[in-house]
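Coordinates as given in query_27.csv (CSV, C-alpha atoms (C1' of nucleotides)):
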```csv
chain,number,residue,atom,x,y,z
A,1,MET,CA,38.6,-30.1,-23.9
A,2,SER,CA,39.1,-27.5,-26.6
A,3,LYS,CA,39.5,-28.8,-30.1
A,4,PRO,CA,42.6,-27.8,-31.9
A,5,ALA,CA,42.0,-24.9,-34.3
A,6,ALA,CA,41.2,-26.1,-37.8
A,7,SER,CA,43.6,-23.6,-39.2
A,8,VAL,CA,45.8,-21.1,-37.4
A,9,ALA,CA,47.2,-18.1,-39.2
A,10,PRO,CA,50.9,-18.8,-39.7
A,11,PRO,CA,53.3,-16.2,-38.2
A,12,GLY,CA,53.7,-13.1,-40.4
A,13,THR,CA,50.2,-13.6,-41.9
A,14,ALA,CA,48.2,-11.9,-39.2
A,15,PRO,CA,45.3,-10.1,-40.7
A,16,ARG,CA,45.5,-6.3,-40.3
A,17,SER,CA,41.9,-5.3,-41.0
A,18,ALA,CA,38.4,-6.5,-41.1
A,19,ASP,CA,38.6,-7.0,-44.8
A,20,ASP,CA,41.6,-9.3,-44.4
A,21,VAL,CA,39.6,-11.5,-42.1
A,22,LEU,CA,36.6,-11.5,-44.3
A,23,ALA,CA,38.7,-12.7,-47.1
A,24,LEU,CA,40.1,-15.4,-44.9
A,25,LEU,CA,36.6,-16.3,-43.9
A,26,ARG,CA,35.5,-16.7,-47.5
A,27,ALA,CA,38.6,-18.7,-48.4
A,28,SER,CA,37.6,-21.2,-45.8
A,29,GLY,CA,34.1,-21.6,-47.1
A,30,GLY,CA,32.4,-19.0,-45.0
A,31,ARG,CA,30.3,-15.9,-45.8
A,32,ALA,CA,31.1,-12.2,-45.4
A,33,THR,CA,28.0,-10.9,-43.6
A,34,PRO,CA,27.2,-7.5,-42.1
A,35,SER,CA,27.2,-8.8,-38.6
A,36,ARG,CA,30.7,-10.2,-39.1
A,37,ARG,CA,32.1,-7.1,-40.6
A,38,ILE,CA,30.8,-4.9,-37.7
A,39,LEU,CA,32.0,-7.4,-35.1
A,40,LEU,CA,35.5,-7.3,-36.7
A,41,ASP,CA,35.5,-3.5,-36.8
A,42,ALA,CA,34.7,-3.5,-33.1
A,43,LEU,CA,37.5,-5.9,-32.4
A,44,PHE,CA,40.0,-4.0,-34.5
A,45,GLU,CA,39.0,-0.7,-32.9
A,46,SER,CA,38.9,-2.0,-29.3
A,47,GLU,CA,41.8,-2.0,-26.8
A,48,GLY,CA,41.3,-5.7,-26.2
A,49,HIS,CA,39.8,-7.3,-23.1
A,50,CYS,CA,36.2,-7.1,-24.5
A,51,THR,CA,33.6,-9.4,-23.2
A,52,ALA,CA,31.0,-10.9,-25.5
A,53,GLU,CA,28.4,-8.7,-24.0
A,54,GLU,CA,30.5,-5.6,-24.6
A,55,LEU,CA,31.2,-6.6,-28.2
A,56,ALA,CA,27.5,-7.2,-28.6
A,57,ALA,CA,26.7,-3.7,-27.3
A,58,ALA,CA,29.3,-2.2,-29.7
A,59,VAL,CA,27.8,-4.1,-32.6
A,60,GLN,CA,24.3,-3.2,-31.7
A,61,ARG,CA,25.1,0.5,-31.7
A,62,ARG,CA,25.4,0.1,-35.5
A,63,ALA,CA,23.0,-2.9,-36.1
A,64,PRO,CA,20.5,-3.2,-33.2
A,65,ASP,CA,19.1,-6.5,-34.4
A,66,VAL,CA,22.3,-8.6,-34.1
A,67,HIS,CA,21.7,-11.1,-31.4
A,68,LEU,CA,24.1,-12.1,-28.6
A,69,SER,CA,24.1,-15.6,-29.8
A,70,THR,CA,25.3,-14.5,-33.2
A,71,ILE,CA,28.2,-12.7,-31.5
A,72,TYR,CA,29.1,-15.9,-29.7
A,73,ARG,CA,28.9,-18.0,-32.8
A,74,ASN,CA,31.1,-15.5,-34.7
A,75,LEU,CA,33.6,-15.3,-31.9
A,76,GLU,CA,33.9,-19.0,-32.0
A,77,GLU,CA,34.4,-19.1,-35.7
A,78,LEU,CA,37.1,-16.4,-35.5
A,79,GLN,CA,38.9,-18.4,-32.8
A,80,ARG,CA,38.8,-21.5,-35.1
A,81,LEU,CA,40.5,-19.4,-37.7
A,82,GLY,CA,43.1,-18.3,-35.2
A,83,VAL,CA,42.2,-14.6,-35.7
A,84,ILE,CA,41.2,-14.0,-32.1
A,85,VAL,CA,41.7,-15.7,-28.7
A,86,HIS,CA,39.8,-15.5,-25.4
A,87,SER,CA,41.2,-15.3,-21.9
A,88,HIS,CA,39.7,-15.8,-18.5
A,89,LEU,CA,40.7,-13.0,-16.2
A,90,GLY,CA,39.1,-14.5,-13.1
A,91,HIS,CA,35.5,-15.1,-12.2
A,92,GLY,CA,33.0,-13.7,-14.7
A,93,PRO,CA,32.9,-13.5,-18.4
A,94,ALA,CA,35.7,-14.3,-20.8
A,95,THR,CA,37.4,-11.5,-22.8
A,96,TYR,CA,38.3,-11.6,-26.4
A,97,HIS,CA,41.0,-10.0,-28.4
A,98,LEU,CA,43.0,-10.3,-31.6
A,99,ALA,CA,45.5,-13.1,-31.5
A,100,SER,CA,48.2,-10.8,-32.6
A,101,THR,CA,47.9,-8.8,-29.4
A,102,ALA,CA,47.8,-11.8,-27.0
A,103,HIS,CA,49.6,-11.3,-23.7
A,104,ALA,CA,49.6,-12.8,-20.2
A,105,HIS,CA,47.7,-11.1,-17.4
A,106,LEU,CA,48.1,-10.6,-13.7
A,107,ILE,CA,44.8,-10.0,-11.8
A,108,CYS,CA,44.5,-8.7,-8.3
A,109,GLU,CA,41.9,-10.8,-6.5
A,110,GLU,CA,41.2,-8.0,-4.1
A,111,CYS,CA,40.7,-4.9,-6.2
A,112,GLY,CA,40.4,-6.5,-9.6
A,113,VAL,CA,43.0,-4.5,-11.4
A,114,THR,CA,44.5,-6.1,-14.5
A,115,ILE,CA,48.2,-5.9,-15.2
A,116,GLU,CA,49.7,-7.0,-18.5
A,117,ALA,CA,52.6,-9.3,-17.6
A,118,PRO,CA,55.9,-8.5,-19.2
A,119,GLY,CA,56.9,-11.4,-21.5
A,120,GLU,CA,60.1,-12.0,-19.6
A,121,LEU,CA,58.1,-12.8,-16.4
A,122,LEU,CA,56.7,-16.0,-17.9
A,123,ARG,CA,59.7,-17.0,-19.8
A,124,GLY,CA,61.5,-18.7,-16.9
A,125,LEU,CA,58.4,-20.6,-15.8
A,126,ALA,CA,57.7,-21.7,-19.4
A,127,LYS,CA,61.3,-22.9,-19.7
A,128,ALA,CA,61.3,-24.8,-16.4
A,129,ALA,CA,57.9,-26.5,-17.1
A,130,LYS,CA,59.1,-27.6,-20.5
A,131,GLU,CA,62.5,-29.0,-19.3
A,132,LYS,CA,61.3,-30.6,-16.1
A,133,LEU,CA,57.8,-31.9,-17.1
A,134,GLY,CA,57.7,-31.6,-20.9
A,135,PHE,CA,54.7,-29.3,-20.3
A,136,VAL,CA,54.2,-26.4,-22.7
A,137,ILE,CA,52.4,-23.6,-20.8
A,138,ASP,CA,49.8,-21.3,-22.4
A,139,PRO,CA,50.0,-18.2,-20.2
A,140,TYR,CA,47.4,-16.4,-22.2
A,141,HIS,CA,44.3,-18.5,-21.7
A,142,PHE,CA,43.9,-18.1,-17.9
A,143,ALA,CA,45.2,-15.1,-16.0
A,144,ILE,CA,47.6,-15.4,-13.0
A,145,GLN,CA,45.9,-14.4,-9.8
A,146,GLY,CA,47.3,-12.7,-6.8
A,147,ARG,CA,47.5,-9.3,-5.0
A,148,CYS,CA,48.8,-6.1,-6.5
A,149,ALA,CA,51.4,-4.0,-4.9
A,150,ARG,CA,48.8,-1.8,-3.3
A,151,CYS,CA,46.6,-4.5,-1.9
A,152,SER,CA,49.4,-6.8,-0.6
A,153,SER,CA,51.0,-4.1,1.5
B,1,MET,CA,36.0,-9.2,-6.1
B,2,SER,CA,36.4,-11.7,-3.3
B,3,LYS,CA,36.2,-10.3,0.2
B,4,PRO,CA,39.2,-10.9,2.4
B,5,ALA,CA,38.6,-13.7,4.8
B,6,ALA,CA,37.2,-12.6,8.1
B,7,SER,CA,39.7,-14.7,9.9
B,8,VAL,CA,42.4,-16.9,8.4
B,9,ALA,CA,44.0,-19.7,10.5
B,10,PRO,CA,47.5,-18.6,11.4
B,11,PRO,CA,50.3,-20.9,10.4
B,12,GLY,CA,50.7,-23.8,12.7
B,13,THR,CA,47.1,-23.8,13.7
B,14,ALA,CA,45.7,-25.8,10.8
B,15,PRO,CA,42.8,-27.9,12.1
B,16,ARG,CA,43.5,-31.6,11.9
B,17,SER,CA,40.0,-33.0,12.2
B,18,ALA,CA,36.3,-32.2,11.7
B,19,ASP,CA,36.0,-31.6,15.4
B,20,ASP,CA,38.8,-29.0,15.3
B,21,VAL,CA,36.9,-27.1,12.6
B,22,LEU,CA,33.5,-27.4,14.4
B,23,ALA,CA,35.1,-25.9,17.5
B,24,LEU,CA,36.5,-23.1,15.3
B,25,LEU,CA,33.1,-22.6,13.8
B,26,ARG,CA,31.5,-22.3,17.2
B,27,ALA,CA,34.2,-19.9,18.4
B,28,SER,CA,33.2,-17.6,15.5
B,29,GLY,CA,29.5,-17.6,16.4
B,30,GLY,CA,28.5,-20.5,14.2
B,31,ARG,CA,26.7,-23.8,14.9
B,32,ALA,CA,27.9,-27.4,14.8
B,33,THR,CA,25.2,-29.0,12.7
B,34,PRO,CA,25.1,-32.6,11.3
B,35,SER,CA,25.4,-31.5,7.7
B,36,ARG,CA,28.6,-29.5,8.5
B,37,ARG,CA,30.1,-32.5,10.4
B,38,ILE,CA,29.4,-34.8,7.5
B,39,LEU,CA,30.8,-32.3,4.9
B,40,LEU,CA,33.9,-31.9,7.0
B,41,ASP,CA,34.4,-35.7,7.2
B,42,ALA,CA,34.1,-35.9,3.5
B,43,LEU,CA,36.7,-33.2,3.0
B,44,PHE,CA,39.2,-34.8,5.5
B,45,GLU,CA,38.7,-38.2,3.9
B,46,SER,CA,39.0,-37.0,0.3
B,47,GLU,CA,42.1,-36.7,-1.8
B,48,GLY,CA,41.3,-33.1,-2.6
B,49,HIS,CA,40.0,-31.8,-6.0
B,50,CYS,CA,36.3,-32.4,-5.1
B,51,THR,CA,33.6,-30.4,-6.8
B,52,ALA,CA,30.7,-29.2,-4.9
B,53,GLU,CA,28.6,-31.8,-6.6
B,54,GLU,CA,30.9,-34.6,-5.6
B,55,LEU,CA,31.0,-33.4,-2.0
B,56,ALA,CA,27.2,-33.3,-2.1
B,57,ALA,CA,27.0,-36.8,-3.3
B,58,ALA,CA,29.4,-38.0,-0.6
B,59,VAL,CA,27.4,-36.2,2.1
B,60,GLN,CA,24.1,-37.5,0.7
B,61,ARG,CA,25.3,-41.1,1.0
B,62,ARG,CA,25.1,-40.5,4.8
B,63,ALA,CA,22.4,-37.9,4.9
B,64,PRO,CA,20.2,-37.9,1.8
B,65,ASP,CA,18.3,-34.8,2.6
B,66,VAL,CA,21.2,-32.4,2.6
B,67,HIS,CA,20.7,-30.0,-0.2
B,68,LEU,CA,23.3,-28.9,-2.7
B,69,SER,CA,22.7,-25.3,-1.7
B,70,THR,CA,23.6,-26.2,1.9
B,71,ILE,CA,26.8,-27.6,0.6
B,72,TYR,CA,27.6,-24.4,-1.2
B,73,ARG,CA,26.7,-22.3,1.8
B,74,ASN,CA,28.9,-24.4,4.1
B,75,LEU,CA,31.8,-24.4,1.7
B,76,GLU,CA,31.6,-20.6,1.6
B,77,GLU,CA,31.7,-20.4,5.3
B,78,LEU,CA,34.6,-22.8,5.6
B,79,GLN,CA,36.5,-20.6,3.1
B,80,ARG,CA,35.7,-17.5,5.1
B,81,LEU,CA,37.3,-19.3,8.1
B,82,GLY,CA,40.4,-20.2,6.0
B,83,VAL,CA,39.8,-23.9,6.5
B,84,ILE,CA,39.4,-24.7,2.8
B,85,VAL,CA,40.2,-23.1,-0.5
B,86,HIS,CA,38.8,-23.6,-4.0
B,87,SER,CA,40.6,-23.8,-7.3
B,88,HIS,CA,39.5,-23.4,-10.9
B,89,LEU,CA,41.2,-26.2,-12.9
B,90,GLY,CA,39.8,-24.9,-16.2
B,91,HIS,CA,36.3,-24.6,-17.6
B,92,GLY,CA,33.8,-26.4,-15.5
B,93,PRO,CA,33.1,-26.5,-11.7
B,94,ALA,CA,35.5,-25.3,-9.1
B,95,THR,CA,37.2,-27.9,-6.8
B,96,TYR,CA,37.6,-27.6,-3.0
B,97,HIS,CA,40.2,-28.9,-0.7
B,98,LEU,CA,41.7,-28.3,2.8
B,99,ALA,CA,43.8,-25.1,2.8
B,100,SER,CA,46.6,-27.1,4.3
B,101,THR,CA,47.0,-29.2,1.2
B,102,ALA,CA,46.8,-26.4,-1.3
B,103,HIS,CA,49.2,-26.7,-4.3
B,104,ALA,CA,49.4,-25.3,-7.8
B,105,HIS,CA,48.1,-27.2,-10.9
B,106,LEU,CA,49.1,-27.6,-14.5
B,107,ILE,CA,46.2,-28.6,-16.7
B,108,CYS,CA,46.4,-29.9,-20.3
B,109,GLU,CA,43.9,-28.1,-22.4
B,110,GLU,CA,43.8,-30.9,-24.8
B,111,CYS,CA,43.5,-34.1,-22.8
B,112,GLY,CA,42.5,-32.5,-19.5
B,113,VAL,CA,45.1,-34.2,-17.3
B,114,THR,CA,45.9,-32.5,-14.0
B,115,ILE,CA,49.5,-32.3,-12.9
B,116,GLU,CA,50.4,-31.1,-9.4
B,117,ALA,CA,53.1,-28.4,-10.0
B,118,PRO,CA,56.3,-28.9,-8.0
B,119,GLY,CA,56.7,-25.9,-5.6
B,120,GLU,CA,60.0,-24.9,-7.1
B,121,LEU,CA,58.4,-24.4,-10.5
B,122,LEU,CA,56.4,-21.4,-9.3
B,123,ARG,CA,59.1,-20.0,-7.0
B,124,GLY,CA,61.0,-18.2,-9.7
B,125,LEU,CA,57.8,-16.6,-11.1
B,126,ALA,CA,56.7,-15.6,-7.6
B,127,LYS,CA,60.0,-13.9,-6.9
B,128,ALA,CA,60.2,-12.1,-10.2
B,129,ALA,CA,56.6,-10.8,-9.9
B,130,LYS,CA,57.2,-9.6,-6.4
B,131,GLU,CA,60.5,-7.9,-7.2
B,132,LYS,CA,59.6,-6.3,-10.5
B,133,LEU,CA,55.9,-5.4,-9.9
B,134,GLY,CA,55.3,-5.8,-6.2
B,135,PHE,CA,52.7,-8.4,-7.2
B,136,VAL,CA,52.2,-11.4,-4.9
B,137,ILE,CA,51.0,-14.3,-7.0
B,138,ASP,CA,48.5,-16.8,-5.7
B,139,PRO,CA,49.3,-19.9,-7.9
B,140,TYR,CA,46.6,-22.0,-6.2
B,141,HIS,CA,43.4,-20.3,-7.2
B,142,PHE,CA,43.6,-20.7,-11.0
B,143,ALA,CA,45.5,-23.5,-12.7
B,144,ILE,CA,48.1,-22.9,-15.3
B,145,GLN,CA,47.0,-24.1,-18.7
B,146,GLY,CA,49.0,-25.6,-21.4
B,147,ARG,CA,49.8,-28.9,-23.2
B,148,CYS,CA,51.2,-32.0,-21.4
B,149,ALA,CA,54.2,-33.8,-22.7
B,150,ARG,CA,52.1,-36.3,-24.6
B,151,CYS,CA,49.8,-33.8,-26.3
B,152,SER,CA,52.4,-31.2,-27.2
B,153,SER,CA,54.6,-33.7,-29.1
C,1,DG,C1',19.5,-23.0,-55.6
C,2,DT,C1',22.7,-24.6,-52.2
C,3,DG,C1',23.9,-24.3,-47.9
C,4,DC,C1',25.9,-21.0,-44.6
C,5,DT,C1',24.2,-17.7,-41.3
C,6,DT,C1',20.8,-15.5,-38.6
C,7,DG,C1',17.1,-14.3,-34.9
C,8,DC,C1',14.6,-16.1,-31.5
C,9,DA,C1',13.5,-18.9,-27.7
C,10,DA,C1',14.8,-22.2,-24.8
C,11,DA,C1',18.1,-25.0,-22.5
C,12,DC,C1',22.5,-25.7,-20.3
C,13,DG,C1',25.7,-26.2,-15.9
C,14,DT,C1',27.3,-23.9,-12.0
C,15,DT,C1',26.3,-21.1,-8.3
C,16,DT,C1',23.4,-17.8,-5.6
C,17,DT,C1',19.4,-16.1,-3.3
C,18,DG,C1',14.7,-15.4,-0.8
C,19,DC,C1',11.8,-17.4,2.2
C,20,DA,C1',9.5,-19.9,6.0
C,21,DG,C1',10.3,-23.5,9.2
C,22,DA,C1',13.8,-26.2,12.1
C,23,DC,C1',17.4,-26.5,14.9
C,24,DT,C1',21.7,-25.1,18.1
C,25,DC,C1',23.1,-22.9,21.8
D,1,DG,C1',14.2,-17.6,23.1
D,2,DA,C1',17.6,-15.4,20.0
D,3,DG,C1',19.7,-16.1,16.2
D,4,DT,C1',21.8,-19.4,13.0
D,5,DC,C1',21.0,-23.0,9.6
D,6,DT,C1',18.3,-25.7,6.6
D,7,DG,C1',15.3,-27.4,2.5
D,8,DC,C1',13.1,-26.0,-1.2
D,9,DA,C1',12.1,-23.4,-5.3
D,10,DA,C1',13.5,-20.0,-8.1
D,11,DA,C1',16.7,-17.0,-10.1
D,12,DA,C1',21.2,-15.5,-11.7
D,13,DC,C1',25.0,-15.9,-14.7
D,14,DG,C1',27.6,-16.7,-19.0
D,15,DT,C1',27.1,-19.6,-22.7
D,16,DT,C1',25.3,-23.1,-26.0
D,17,DT,C1',21.8,-25.2,-29.0
D,18,DG,C1',17.6,-26.4,-32.1
D,19,DC,C1',14.9,-24.6,-35.3
D,20,DA,C1',12.9,-22.3,-39.3
D,21,DA,C1',13.5,-18.3,-42.0
D,22,DG,C1',16.9,-15.3,-44.6
D,23,DC,C1',20.8,-14.2,-47.1
D,24,DA,C1',25.6,-14.7,-49.6
D,25,DC,C1',27.5,-16.9,-53.0
```

Structure re-expressed in structure tokens:
Amino acid sequence: MSKPAASVAPPGTAPRSADDVLALLRASGGRATPSRRILLDALFESEGHCTAEELAAAVQRRAPDVHLSTIYRNLEELQRLGVIVHSHLGHGPATYHLASTAHAHLICEECGVTIEAPGELLRGLAKAAKEKLGFVIDPYHFAIQGRCARCSS
Amino acid sequence: MSKPAASVAPPGTAPRSADDVLALLRASGGRATPSRRILLDALFESEGHCTAEELAAAVQRRAPDVHLSTIYRNLEELQRLGVIVHSHLGHGPATYHLASTAHAHLICEECGVTIEAPGELLRGLAKAAKEKLGFVIDPYHFAIQGRCARCSS
DNA sequence: GTGCTTGCAAACGTTTTGCAGACTC
DNA sequence: GAGTCTGCAAAACGTTTGCAAGCAC
């Protein structure tokens, strides 16, 4: 089971740049290292949906010696701080993105296309689960599977 | 991407016993072997939610030499025939059960409890996804994550 | 100088695969 | 006898961990 984040950025405090996050990191007793700065740059520049491997490749373009395990360790630390989240879009590797851009996904099991779910789509489900079962759904962590319009016809 | 099943049992034709499935298997050019019969017995006797490892243990109680890789190969074949499905309840191994008993799951990310989702809970989401996006959701393959009543309070 | 962070190598757990022999039909 | 299925060993995959050296503060 995932441990609750040690500290989650309160709403309205979302860091807007790599420097913001490095400051946050230092404030929590961590160090601002080159590999962290470059990873953060990659995250802020990306469109989201990056796998650890893709982020490693992006970082290694600028600093070839940064090891994949360092990427994983830093991604974990950034999650602990609430700066980023990861999602499972199906089989295969997890994808990481800034927490501020989190959104639900629909994945076609046939062609693999990823559709960003409009917020309203999940709202009804979230409400019903909360009222009937007291269950608070987290629609971001795992994608919703199915068949897209093209594949289901 | 998962290949479409070569042949899915049409509604109303769901096999009711290991023998039914072995007949189906033979009809599609396969063989009725001891390891397959025992695996099917285990599936029909189980409550569902069995991992490959658990099924292997159940089979090996009766036939100690059946290898885990044989279990995986047979589970794959049974999925191709539409007899069973697998679900991902979160991190960790997939679980397998008869297709006829498929149902959606809610998983608590904190305590790990598994709740079987009432059918009506998903119906609204399925309808909205179909109408707005043409997307046919498959709520069985991946569980819906969140926090149960106890952990979210 | 304290102690957090890194590179490396090796392990992890789940699942898949290549192969030669054994079995079903 | 043709062709499917099996056990075994080994690999694949994404991810985590132990360790000693290196760096930020």

What are the closest atom pairs, with distances in Å to one decimal, for all residues of chain C lying within 10 Å of range 3-12 of chain D? Consider only C-alpha atoms (C1' of nucleotides), order rows by chain and residue number, and present the result as a tab-separated table.
```
residue	atom	partner	partner_atom	distance
C:DT15	C1'	D:DA12	C1'	8.3
C:DT16	C1'	D:DA12	C1'	6.9
C:DT17	C1'	D:DA11	C1'	7.4
C:DG18	C1'	D:DA10	C1'	8.7
C:DC19	C1'	D:DC8	C1'	9.3
C:DG21	C1'	D:DT6	C1'	8.7
C:DA22	C1'	D:DT6	C1'	7.1
C:DC23	C1'	D:DC5	C1'	7.3
C:DT24	C1'	D:DT4	C1'	7.6
C:DC25	C1'	D:DG3	C1'	9.4
```

Inset, instruction - Restrict the distance test to only C-alpha atoms (C1' of nucleotides), flag each residue of chain C within 8 Å of chain A, and return the flagged residues as an MDAnalysis selection string. - result: chainID C and resid 4:7

Legend entry - Among the residues A:Gly90, A:Gly48, A:Pro34, A:Pro139, the one that comes closest to Cys108 in chain A [using all atoms listed in the file]: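 Between A:Gly90, A:Gly48, A:Pro34, A:Pro139, the residue approaching Cys108 in chain A most closely is A:Gly90.
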
Residues within 8 Å of range 39-45 of chain B, all atoms listed in the file, excluding chain neighbours under 5 positions, as a PDB file with C-alpha atoms, in the coordinates of the input:
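Output file around_5.pdb follows:
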```pdb
ATOM      1  CA  SER B  17      40.000 -33.000  12.200  1.00  0.00           C
ATOM      2  CA  ALA B  18      36.300 -32.200  11.700  1.00  0.00           C
ATOM      3  CA  VAL B  21      36.900 -27.100  12.600  1.00  0.00           C
ATOM      4  CA  LEU B  55      31.000 -33.400  -2.000  1.00  0.00           C
ATOM      5  CA  ALA B  56      27.200 -33.300  -2.100  1.00  0.00           C
ATOM      6  CA  ALA B  58      29.400 -38.000  -0.600  1.00  0.00           C
ATOM      7  CA  VAL B  59      27.400 -36.200   2.100  1.00  0.00           C
ATOM      8  CA  ILE B  71      26.800 -27.600   0.600  1.00  0.00           C
ATOM      9  CA  HIS B  97      40.200 -28.900  -0.700  1.00  0.00           C
ATOM     10  CA  LEU B  98      41.700 -28.300   2.800  1.00  0.00           C
TER      11      LEU B  98
END
```

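Between CA of Asp138 in chain A and CA of Asp138 in chain B lies a distance of 17.3 Å.
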
What are the residues of chain A that have an atom within 10 Å of an atom of chain B, counting only C-alpha atoms, as a compact mmCIF listing (two decimals) with C-alpha atoms, in the coordinates of the input?
```
# COMPACT_ATOMS: atom_id res chain seq x y z
CA MET A 1 38.60 -30.10 -23.90
CA SER A 2 39.10 -27.50 -26.60
CA LYS A 3 39.50 -28.80 -30.10
CA PRO A 4 42.60 -27.80 -31.90
CA HIS A 88 39.70 -15.80 -18.50
CA LEU A 89 40.70 -13.00 -16.20
CA GLY A 90 39.10 -14.50 -13.10
CA HIS A 91 35.50 -15.10 -12.20
CA LEU A 106 48.10 -10.60 -13.70
CA ILE A 107 44.80 -10.00 -11.80
CA CYS A 108 44.50 -8.70 -8.30
CA GLU A 109 41.90 -10.80 -6.50
CA GLU A 110 41.20 -8.00 -4.10
CA CYS A 111 40.70 -4.90 -6.20
CA GLY A 112 40.40 -6.50 -9.60
CA VAL A 113 43.00 -4.50 -11.40
CA ILE A 115 48.20 -5.90 -15.20
CA ALA A 117 52.60 -9.30 -17.60
CA PRO A 118 55.90 -8.50 -19.20
CA GLU A 120 60.10 -12.00 -19.60
CA LEU A 121 58.10 -12.80 -16.40
CA LEU A 122 56.70 -16.00 -17.90
CA ARG A 123 59.70 -17.00 -19.80
CA GLY A 124 61.50 -18.70 -16.90
CA LEU A 125 58.40 -20.60 -15.80
CA ALA A 126 57.70 -21.70 -19.40
CA LYS A 127 61.30 -22.90 -19.70
CA ALA A 128 61.30 -24.80 -16.40
CA ALA A 129 57.90 -26.50 -17.10
CA LYS A 130 59.10 -27.60 -20.50
CA LYS A 132 61.30 -30.60 -16.10
CA LEU A 133 57.80 -31.90 -17.10
CA GLY A 134 57.70 -31.60 -20.90
CA PHE A 135 54.70 -29.30 -20.30
CA VAL A 136 54.20 -26.40 -22.70
CA ILE A 137 52.40 -23.60 -20.80
CA ASP A 138 49.80 -21.30 -22.40
CA PRO A 139 50.00 -18.20 -20.20
CA TYR A 140 47.40 -16.40 -22.20
CA HIS A 141 44.30 -18.50 -21.70
CA PHE A 142 43.90 -18.10 -17.90
CA ALA A 143 45.20 -15.10 -16.00
CA ILE A 144 47.60 -15.40 -13.00
CA GLN A 145 45.90 -14.40 -9.80
CA GLY A 146 47.30 -12.70 -6.80
CA ARG A 147 47.50 -9.30 -5.00
CA CYS A 148 48.80 -6.10 -6.50
CA ALA A 149 51.40 -4.00 -4.90
CA ARG A 150 48.80 -1.80 -3.30
CA CYS A 151 46.60 -4.50 -1.90
CA SER A 152 49.40 -6.80 -0.60
CA SER A 153 51.00 -4.10 1.50
```

Legend entry - For Ser100 in chain B, the nearest of the candidates B:Thr114, B:Arg37, B:Ile84, B:Glu131, counting only C-alpha atoms: B:Ile84

Inset, instruction - Between CA of Arg62 in chain B and CA of Arg26 in chain B, measure the distance and give it in Å to one decimal. - result: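 Going from CA of Arg62 in chain B over to CA of Arg26 in chain B, I get 22.9 Å.
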